[in-house]
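Quick look at data_31.cif (mmCIF, C-alpha atoms and all ligand atoms):
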```cif
data_run
loop_
_atom_site.group_PDB
_atom_site.id
_atom_site.type_symbol
_atom_site.label_atom_id
_atom_site.label_comp_id
_atom_site.auth_asym_id
_atom_site.auth_seq_id
_atom_site.Cartn_x
_atom_site.Cartn_y
_atom_site.Cartn_z
ATOM 1 C CA MET A 1 0.000 0.000 0.000
ATOM 2 C CA GLY A 2 1.440 3.416 -0.959
ATOM 3 C CA ASP A 3 2.101 6.260 1.500
ATOM 4 C CA ASP A 4 -0.979 8.091 0.304
ATOM 5 C CA ALA A 5 -3.392 5.185 0.874
ATOM 6 C CA THR A 6 -4.975 3.854 4.043
ATOM 7 C CA HIS A 7 -7.912 1.718 5.126
ATOM 8 C CA PHE A 8 -11.474 2.638 5.884
ATOM 9 C CA GLY A 9 -12.436 -0.559 7.663
ATOM 10 C CA PHE A 10 -11.245 -3.281 5.264
ATOM 11 C CA ARG A 11 -11.472 -1.026 2.207
ATOM 12 C CA GLN A 12 -8.323 0.569 0.852
ATOM 13 C CA VAL A 13 -8.960 4.290 0.311
ATOM 14 C CA PRO A 14 -6.842 7.363 -0.472
ATOM 15 C CA LEU A 15 -5.513 8.782 2.813
ATOM 16 C CA GLU A 16 -7.208 12.129 2.218
ATOM 17 C CA ASP A 17 -10.632 10.454 1.808
ATOM 18 C CA LYS A 18 -10.661 8.547 5.106
ATOM 19 C CA GLN A 19 -11.648 11.413 7.423
ATOM 20 C CA ALA A 20 -14.764 12.303 5.423
ATOM 21 C CA LEU A 21 -15.863 8.653 5.449
ATOM 22 C CA VAL A 22 -15.309 8.452 9.222
ATOM 23 C CA ASP A 23 -17.204 11.732 9.704
ATOM 24 C CA ASP A 24 -20.221 10.302 7.826
ATOM 25 C CA VAL A 25 -20.225 7.284 10.149
ATOM 26 C CA PHE A 26 -20.327 9.377 13.325
ATOM 27 C CA ALA A 27 -22.787 11.925 11.950
ATOM 28 C CA THR A 28 -25.102 8.974 11.243
ATOM 29 C CA VAL A 29 -24.715 7.287 14.634
ATOM 30 C CA ALA A 30 -24.474 10.379 16.930
ATOM 31 C CA ARG A 31 -28.052 10.296 18.307
ATOM 32 C CA ARG A 32 -27.893 6.554 19.016
ATOM 33 C CA TYR A 33 -24.212 6.453 19.975
ATOM 34 C CA ASP A 34 -24.551 6.106 23.757
ATOM 35 C CA LEU A 35 -27.353 3.551 23.596
ATOM 36 C CA MET A 36 -25.426 1.495 21.023
ATOM 37 C CA ASN A 37 -22.298 1.599 23.203
ATOM 38 C CA ASP A 38 -24.236 -0.016 26.040
ATOM 39 C CA LEU A 39 -25.869 -2.590 23.770
ATOM 40 C CA MET A 40 -22.739 -3.537 21.813
ATOM 41 C CA THR A 41 -20.527 -3.977 24.879
ATOM 42 C CA GLY A 42 -23.222 -5.228 27.279
ATOM 43 C CA GLY A 43 -22.386 -2.199 29.439
ATOM 44 C CA LEU A 44 -18.710 -3.231 29.683
ATOM 45 C CA HIS A 45 -17.512 0.052 28.190
ATOM 46 C CA ARG A 46 -18.433 1.647 31.533
ATOM 47 C CA ALA A 47 -15.979 -0.566 33.454
ATOM 48 C CA TRP A 48 -13.248 0.015 30.832
ATOM 49 C CA LYS A 49 -13.782 3.771 31.089
ATOM 50 C CA ASP A 50 -13.624 3.565 34.895
ATOM 51 C CA ASP A 51 -10.171 1.973 34.557
ATOM 52 C CA LEU A 52 -9.079 4.800 32.285
ATOM 53 C CA VAL A 53 -10.271 7.376 34.854
ATOM 54 C CA THR A 54 -8.312 5.536 37.568
ATOM 55 C CA LEU A 55 -5.140 5.972 35.486
ATOM 56 C CA VAL A 56 -5.862 9.657 34.871
ATOM 57 C CA ASP A 57 -6.275 10.031 38.629
ATOM 58 C CA PRO A 58 -7.526 13.643 38.834
ATOM 59 C CA PRO A 59 -6.696 15.316 42.175
ATOM 60 C CA GLN A 60 -9.405 15.269 44.867
ATOM 61 C CA ALA A 61 -8.143 18.597 46.225
ATOM 62 C CA PRO A 62 -9.389 21.791 44.496
ATOM 63 C CA THR A 63 -6.029 22.011 42.644
ATOM 64 C CA PRO A 64 -6.366 23.096 38.993
ATOM 65 C CA PHE A 65 -6.271 20.064 36.691
ATOM 66 C CA HIS A 66 -7.074 20.383 33.012
ATOM 67 C CA LEU A 67 -7.916 17.351 30.884
ATOM 68 C CA ILE A 68 -8.139 17.292 27.118
ATOM 69 C CA ASP A 69 -10.316 14.432 25.905
ATOM 70 C CA VAL A 70 -9.728 14.017 22.186
ATOM 71 C CA ALA A 71 -12.260 12.271 19.944
ATOM 72 C CA GLY A 72 -14.376 12.885 23.019
ATOM 73 C CA GLY A 73 -17.674 12.611 21.140
ATOM 74 C CA THR A 74 -20.632 12.771 23.496
ATOM 75 C CA GLY A 75 -18.463 13.635 26.517
ATOM 76 C CA ASP A 76 -18.456 10.351 28.439
ATOM 77 C CA ILE A 77 -14.804 10.414 29.508
ATOM 78 C CA ALA A 78 -14.834 14.116 30.378
ATOM 79 C CA PHE A 79 -17.908 13.730 32.610
ATOM 80 C CA ARG A 80 -16.336 10.789 34.430
ATOM 81 C CA VAL A 81 -13.041 12.593 35.058
ATOM 82 C CA ILE A 82 -14.843 15.720 36.291
ATOM 83 C CA GLU A 83 -16.958 13.615 38.656
ATOM 84 C CA ALA A 84 -13.871 11.776 39.956
ATOM 85 C CA GLY A 85 -11.835 14.954 40.493
ATOM 86 C CA GLY A 86 -11.981 17.916 42.862
ATOM 87 C CA ARG A 87 -13.382 21.375 42.200
ATOM 88 C CA GLY A 88 -10.349 22.404 40.130
ATOM 89 C CA THR A 89 -10.909 19.681 37.514
ATOM 90 C CA ARG A 90 -11.830 20.982 34.052
ATOM 91 C CA ALA A 91 -12.142 19.212 30.712
ATOM 92 C CA THR A 92 -11.974 20.214 27.075
ATOM 93 C CA VAL A 93 -13.767 17.751 24.820
ATOM 94 C CA CYS A 94 -12.334 17.927 21.356
ATOM 95 C CA ASP A 95 -13.936 16.149 18.401
ATOM 96 C CA ILE A 96 -14.012 16.639 14.648
ATOM 97 C CA ASN A 97 -17.724 15.880 14.461
ATOM 98 C CA ALA A 98 -20.302 18.608 15.187
ATOM 99 C CA GLU A 99 -23.165 16.096 15.619
ATOM 100 C CA MET A 100 -21.327 14.121 18.315
ATOM 101 C CA LEU A 101 -20.387 17.366 20.119
ATOM 102 C CA ALA A 102 -23.999 18.601 19.982
ATOM 103 C CA VAL A 103 -25.111 15.472 21.873
ATOM 104 C CA GLY A 104 -22.240 16.058 24.335
ATOM 105 C CA ARG A 105 -23.318 19.656 25.004
ATOM 106 C CA GLU A 106 -26.900 18.529 25.703
ATOM 107 C CA ARG A 107 -25.659 15.849 28.091
ATOM 108 C CA ALA A 108 -23.394 18.345 29.910
ATOM 109 C CA ALA A 109 -26.374 20.688 30.414
ATOM 110 C CA GLU A 110 -28.543 17.817 31.703
ATOM 111 C CA ARG A 111 -25.828 16.833 34.196
ATOM 112 C CA GLY A 112 -25.294 20.439 35.286
ATOM 113 C CA CYS A 113 -21.554 20.274 34.600
ATOM 114 C CA ASP A 114 -21.397 22.644 31.627
ATOM 115 C CA ASP A 115 -19.275 25.141 33.575
ATOM 116 C CA ALA A 116 -16.510 22.519 33.992
ATOM 117 C CA VAL A 117 -16.456 21.270 30.409
ATOM 118 C CA ALA A 118 -15.762 23.025 27.113
ATOM 119 C CA PHE A 119 -16.493 21.549 23.674
ATOM 120 C CA LEU A 120 -14.174 22.193 20.771
ATOM 121 C CA GLU A 121 -14.624 21.112 17.156
ATOM 122 C CA ALA A 122 -11.128 20.220 15.990
ATOM 123 C CA ASN A 123 -9.013 17.560 14.345
ATOM 124 C CA ALA A 124 -6.785 15.408 16.592
ATOM 125 C CA GLU A 125 -4.063 15.794 13.949
ATOM 126 C CA ALA A 126 -3.903 19.603 14.335
ATOM 127 C CA LEU A 127 -5.180 20.832 17.700
ATOM 128 C CA PRO A 128 -5.776 24.604 17.820
ATOM 129 C CA LEU A 129 -4.366 24.692 21.369
ATOM 130 C CA ALA A 130 -1.220 26.019 23.029
ATOM 131 C CA ASP A 131 1.865 23.886 23.737
ATOM 132 C CA ARG A 132 2.124 22.387 27.230
ATOM 133 C CA SER A 133 -1.353 23.423 28.342
ATOM 134 C CA PHE A 134 -2.938 20.213 29.706
ATOM 135 C CA ASP A 135 -2.296 17.925 32.693
ATOM 136 C CA ALA A 136 -3.728 14.846 30.988
ATOM 137 C CA TYR A 137 -4.707 13.794 27.468
ATOM 138 C CA THR A 138 -7.233 11.010 26.939
ATOM 139 C CA ILE A 139 -8.535 9.385 23.798
ATOM 140 C CA ALA A 140 -11.082 6.562 24.072
ATOM 141 C CA PHE A 141 -12.144 4.504 21.086
ATOM 142 C CA GLY A 142 -10.957 7.405 18.948
ATOM 143 C CA ILE A 143 -7.413 6.917 17.725
ATOM 144 C CA ARG A 144 -8.207 4.111 15.267
ATOM 145 C CA ASN A 145 -10.488 6.511 13.403
ATOM 146 C CA VAL A 146 -7.774 9.128 12.892
ATOM 147 C CA PRO A 147 -6.133 8.815 9.448
ATOM 148 C CA ARG A 148 -2.620 9.892 10.524
ATOM 149 C CA ILE A 149 -2.119 8.400 13.979
ATOM 150 C CA GLU A 150 1.496 9.634 14.237
ATOM 151 C CA ARG A 151 0.302 13.229 13.843
ATOM 152 C CA ALA A 152 -2.311 12.797 16.569
ATOM 153 C CA LEU A 153 0.332 11.348 18.923
ATOM 154 C CA ALA A 154 2.702 14.240 18.155
ATOM 155 C CA GLU A 155 -0.114 16.680 18.971
ATOM 156 C CA ALA A 156 -0.871 14.838 22.213
ATOM 157 C CA TYR A 157 2.764 15.225 23.218
ATOM 158 C CA ARG A 158 2.847 18.914 22.227
ATOM 159 C CA VAL A 159 -0.224 19.993 24.224
ATOM 160 C CA LEU A 160 0.690 18.078 27.394
ATOM 161 C CA LYS A 161 2.596 19.817 30.183
ATOM 162 C CA LEU A 162 5.833 18.265 31.432
ATOM 163 C CA GLY A 163 4.720 15.544 33.823
ATOM 164 C CA GLY A 164 1.442 15.185 31.921
ATOM 165 C CA ARG A 165 -0.031 11.776 31.144
ATOM 166 C CA PHE A 166 -1.327 10.333 27.873
ATOM 167 C CA VAL A 167 -3.964 7.599 28.274
ATOM 168 C CA CYS A 168 -5.554 5.775 25.370
ATOM 169 C CA LEU A 169 -8.375 3.242 25.569
ATOM 170 C CA GLU A 170 -8.929 1.325 22.349
ATOM 171 C CA PHE A 171 -10.295 -1.946 21.052
ATOM 172 C CA SER A 172 -7.448 -4.395 20.703
ATOM 173 C CA ALA A 173 -6.677 -7.980 19.746
ATOM 174 C CA VAL A 174 -8.393 -10.870 21.550
ATOM 175 C CA ASP A 175 -5.766 -13.487 22.357
ATOM 176 C CA VAL A 176 -7.700 -15.982 24.490
ATOM 177 C CA PRO A 177 -8.291 -19.260 22.596
ATOM 178 C CA GLY A 178 -12.013 -19.843 22.200
ATOM 179 C CA LEU A 179 -12.919 -16.273 23.064
ATOM 180 C CA ASP A 180 -11.299 -15.072 19.809
ATOM 181 C CA ARG A 181 -13.667 -17.170 17.656
ATOM 182 C CA LEU A 182 -16.702 -16.139 19.705
ATOM 183 C CA TYR A 183 -15.666 -12.483 19.533
ATOM 184 C CA GLU A 184 -15.198 -12.745 15.772
ATOM 185 C CA LEU A 185 -18.702 -14.165 15.310
ATOM 186 C CA TYR A 186 -20.208 -11.576 17.624
ATOM 187 C CA SER A 187 -18.416 -8.643 15.983
ATOM 188 C CA PHE A 188 -19.142 -9.478 12.379
ATOM 189 C CA ASN A 189 -22.711 -10.747 12.861
ATOM 190 C CA VAL A 190 -24.350 -9.394 15.993
ATOM 191 C CA ILE A 191 -22.989 -5.830 15.979
ATOM 192 C CA PRO A 192 -24.040 -4.900 12.399
ATOM 193 C CA ALA A 193 -27.433 -6.581 13.038
ATOM 194 C CA LEU A 194 -27.861 -4.532 16.228
ATOM 195 C CA GLY A 195 -26.976 -1.422 14.228
ATOM 196 C CA ARG A 196 -29.652 -2.246 11.675
ATOM 197 C CA VAL A 197 -32.360 -2.789 14.308
ATOM 198 C CA VAL A 198 -31.508 -0.018 16.775
ATOM 199 C CA ALA A 199 -29.951 2.675 14.602
ATOM 200 C CA GLY A 200 -31.562 1.742 11.265
ATOM 201 C CA ASP A 201 -28.275 1.111 9.442
ATOM 202 C CA ALA A 202 -25.761 -1.748 9.636
ATOM 203 C CA GLU A 203 -23.013 -0.133 7.537
ATOM 204 C CA PRO A 204 -21.528 2.271 10.147
ATOM 205 C CA TYR A 205 -21.238 -0.642 12.574
ATOM 206 C CA ARG A 206 -19.555 -2.834 9.975
ATOM 207 C CA TYR A 207 -16.956 -0.062 9.618
ATOM 208 C CA LEU A 208 -16.461 0.086 13.401
ATOM 209 C CA VAL A 209 -15.794 -3.659 13.579
ATOM 210 C CA GLU A 210 -13.477 -3.694 10.558
ATOM 211 C CA SER A 211 -11.511 -0.705 11.834
ATOM 212 C CA ILE A 212 -10.858 -2.592 15.081
ATOM 213 C CA ARG A 213 -9.254 -5.440 13.124
ATOM 214 C CA ARG A 214 -7.010 -3.063 11.201
ATOM 215 C CA PHE A 215 -5.682 -1.235 14.266
ATOM 216 C CA PRO A 216 -2.026 -2.005 15.221
ATOM 217 C CA ARG A 217 -1.418 -4.768 17.778
ATOM 218 C CA PRO A 218 -0.772 -3.510 21.363
ATOM 219 C CA ARG A 219 3.047 -3.755 21.237
ATOM 220 C CA ALA A 220 3.183 -2.009 17.863
ATOM 221 C CA PHE A 221 0.943 0.789 19.127
ATOM 222 C CA ALA A 222 3.075 1.125 22.289
ATOM 223 C CA ALA A 223 6.122 1.578 20.022
ATOM 224 C CA MET A 224 4.302 4.371 18.157
ATOM 225 C CA ILE A 225 3.592 6.131 21.475
ATOM 226 C CA GLU A 226 7.274 5.868 22.385
ATOM 227 C CA ALA A 227 8.272 7.184 18.970
ATOM 228 C CA ALA A 228 6.155 10.291 19.658
ATOM 229 C CA GLY A 229 8.406 11.029 22.659
ATOM 230 C CA PHE A 230 6.424 9.545 25.547
ATOM 231 C CA ARG A 231 8.268 7.753 28.358
ATOM 232 C CA ARG A 232 7.332 4.926 30.753
ATOM 233 C CA VAL A 233 4.897 3.605 28.166
ATOM 234 C CA THR A 234 2.708 0.779 29.428
ATOM 235 C CA VAL A 235 -0.002 -1.353 27.902
ATOM 236 C CA ARG A 236 -2.677 -3.252 29.815
ATOM 237 C CA PRO A 237 -4.971 -5.619 27.924
ATOM 238 C CA MET A 238 -8.411 -5.968 29.509
ATOM 239 C CA SER A 239 -11.310 -8.433 29.067
ATOM 240 C CA GLY A 240 -9.140 -10.990 27.271
ATOM 241 C CA GLY A 241 -7.696 -8.352 24.941
ATOM 242 C CA ILE A 242 -11.022 -6.970 23.703
ATOM 243 C CA VAL A 243 -9.638 -3.571 24.728
ATOM 244 C CA ALA A 244 -6.255 -2.251 25.837
ATOM 245 C CA LEU A 245 -5.241 0.735 27.932
ATOM 246 C CA HIS A 246 -2.042 2.411 26.765
ATOM 247 C CA SER A 247 -0.330 5.055 28.834
ATOM 248 C CA GLY A 248 2.750 7.233 28.565
ATOM 249 C CA TRP A 249 4.212 10.323 30.217
ATOM 250 C CA ARG A 250 5.649 13.538 28.860
ATOM 251 C CA LEU A 251 8.775 13.809 31.001
HETATM 252 C C1 LIG B 1 -16.133 5.747 18.817
HETATM 253 S S1 LIG B 1 -16.286 7.469 19.096
HETATM 254 C C2 LIG B 1 -15.624 7.642 20.719
HETATM 255 C C3 LIG B 1 -16.334 8.685 21.552
HETATM 256 C C4 LIG B 1 -15.930 8.735 23.020
HETATM 257 N N1 LIG B 1 -14.512 8.972 23.174
HETATM 258 C C5 LIG B 1 -16.340 7.498 23.784
HETATM 259 O O1 LIG B 1 -15.462 6.787 24.254
HETATM 260 O O2 LIG B 1 -17.524 7.243 23.924
HETATM 261 C C6 LIG B 1 -14.996 8.092 18.056
HETATM 262 C C7 LIG B 1 -14.981 9.591 17.921
HETATM 263 O O3 LIG B 1 -13.788 9.965 17.217
HETATM 264 C C8 LIG B 1 -14.080 11.156 16.508
HETATM 265 N N2 LIG B 1 -13.025 11.414 15.508
HETATM 266 C C9 LIG B 1 -12.764 10.713 14.379
HETATM 267 N N3 LIG B 1 -11.722 11.256 13.736
HETATM 268 C C10 LIG B 1 -11.299 12.308 14.477
HETATM 269 C C11 LIG B 1 -10.246 13.253 14.324
HETATM 270 N N4 LIG B 1 -9.410 13.214 13.291
HETATM 271 N N5 LIG B 1 -10.096 14.201 15.279
HETATM 272 C C12 LIG B 1 -10.940 14.258 16.345
HETATM 273 N N6 LIG B 1 -11.951 13.389 16.526
HETATM 274 C C13 LIG B 1 -12.129 12.420 15.621
HETATM 275 C C14 LIG B 1 -15.446 10.854 15.925
HETATM 276 O O4 LIG B 1 -16.090 12.007 15.451
HETATM 277 C C15 LIG B 1 -16.135 10.183 17.115
HETATM 278 O O5 LIG B 1 -16.832 11.106 17.894
#
```
Translate this structure into C-alpha cells?
Ligand SMILES: C[S@@+](CC[C@H](N)C(=O)[O-])C[C@H]1O[C@@H](n2cnc3c(N)ncnc32)[C@H](O)[C@@H]1O
Amino acid sequence: MGDDATHFGFRQVPLEDKQALVDDVFATVARRYDLMNDLMTGGLHRAWKDDLVTLVDPPQAPTPFHLIDVAGGTGDIAFRVIEAGGRGTRATVCDINAEMLAVGRERAAERGCDDAVAFLEANAEALPLADRSFDAYTIAFGIRNVPRIERALAEAYRVLKLGGRFVCLEFSAVDVPGLDRLYELYSFNVIPALGRVVAGDAEPYRYLVESIRRFPRPRAFAAMIEAAGFRRVTVRPMSGGIVALHSGWRL
C-alpha cells in the first residue's frame, strides 16, 4: 500500500478520503451512539472507562487540573473525570464531528456540569491549542479513526505539560483461545445486526468492527507512542484483549 493510501475498515482508500468517510459514520450514529455503546458492549464500556479514569487520577483537592479528551464525542470520559476529580478539575472535549459534540453539550447541560467542560470542534491531527497546556490527554475509542495516527500522537505530546499523562483506551486484539472465535462471530454478525435494528443502518457498525481489526497490535501501538516522545509507556490488555489501555508520560 502506498504512503498516500490507508484503510477505511477493510477497504483501501486514499488517505485524504478517510476522514470524510469516518465523519459520515459518526454523523449517522451520533443520536444513538450512547445507547449502542451499552448494547454492543453489554455495558462493559463503563468498566473500561472507569479503569481509564483511575489511570488519569484527577486530584481530589481543588487544585487546577485540566484534561483534554480528544475524539471525546458525546463527553463520556470528560464527565467521568470531572466527577472523579476535585473542584479544580476541568475538561476540554475535542472532536471533529459537530453532531457528536452537539449530543455532548446537551448531556453536559442535563448533568449540570457545563461550567466545567468546554467543547471544541477540531481535528486530533492539528489541535488549535497552546503547547504544554494540559495535565492529561485522553482518547477513548478514537485513535483508530484518525487517518494519521502519528500526527495525533505528536499533537498529544505537544499539548501536554511536562509531567502530563497520555492515556488511550482502544479496542485491541483478543488473544484468548475460544474467546477469539466467539468475539469474531459476535463482531461481524451481531454488531451490524444490532446497528440495523436499533440505529436503522448496519453499515456504520460494519466499519467500526473492521476498523478494530485493522488497528495495530498492542506492542506495535506502544512503540508508536514511544516514537512520539512519551516515556514509561505501558499497555494493559483488559477483558481478554477486547480492549487495551495504553499510557505514557511527557517527562
Ligand atoms: C467511537 S467514538 C468515541 C467517543 C468517546 N470517546 C467514547 O469513548 O464514547 C470516536 C470519535 O472519534 C471522533 N473522531 C474521528 N476522527 C477524528 C479526528 N481526526 N479528530 C478528532 N476526533 C475524531 C469521531 O467524530 C467520534 O466522535
Once the PyMOL selection byres (((chain A and resi 56) around 10) and not hetatm) is applied to the coordinates I shared, what remains selected? I want it as a PyMOL selection string. chain A and resi 50-55+57-59+67+81+84-85+135-138+164-167+247
Site check for ligand LIG 1 (chain B): residues at most 9 Å away, only C-alpha atoms and all ligand atoms, as a PyMOL selection string: chain A and resi 19-20+22-27+30+33-34+37+45+49+69-78+93-101+121-127+138-149+152+169-170+208
Tell me which of A:Ala61, A:Trp249, A:Arg80, A:Gly195 sits closest to Ala47 (chain A), counting all atoms listed in the file. A:Arg80
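CA of Asp38 (chain A) is found 23.2 Å from CA of Asp175 (chain A).
When the distance limit is 10 Å and all atoms listed in the file are what count, the residues near Arg219 (chain A), minus those fewer than 5 positions from it on the same chain, are Met224, Ile225, Thr234, Val235 and His246 of chain A.
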Students should find that CA of Gly248 (chain A) and CA of Gly43 (chain A) are spaced 26.9 Å
Could you state the separation of CA of Glu203 (chain A) and CA of Thr41 (chain A) in Å, given to one decimal place?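 CA of Thr41 (chain A) lies at a distance of 17.9 Å from CA of Glu203 (chain A).
In terms of minimum interatomic distance to Pro218 (chain A), A:Cys168 ranks closest within A:Thr6, A:Cys168, A:Val197, A:Gly178, counting all atoms listed in the file.
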Kindly indicate which residue among A:Ala5, A:Leu245, A:Leu251, A:Ala156 lies nearest to Phe171 (chain A), using all atoms listed in the file for the distances.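 Counting all atoms listed in the file, the residue closest to Phe171 (chain A) is A:Leu245.
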Please write as a list in words the list of polymer residues whose atoms come within 8 Å of (12.2, 10.7, 25.8), counting only C-alpha atoms and keeping to the coordinates of the file. Glu226, Gly229, Phe230, Arg231, Arg250 and Leu251 of chain A
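With all atoms listed in the file as the basis for measurement, A:Ala202 is the residue among A:Pro14, A:Ala202, A:Ser187, A:Thr63 that approaches Val29 (chain A) most closely.
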I'd like the neighbourhood of Arg90 (chain A) as a list in words, where a residue qualifies if any of its atoms comes within 6 Å (using only C-alpha atoms), though same-chain residues fewer than 4 positions away should be ignored.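 Neighbouring residues, sequence-local ones excluded: His66, Ala116 and Val117 of chain A.
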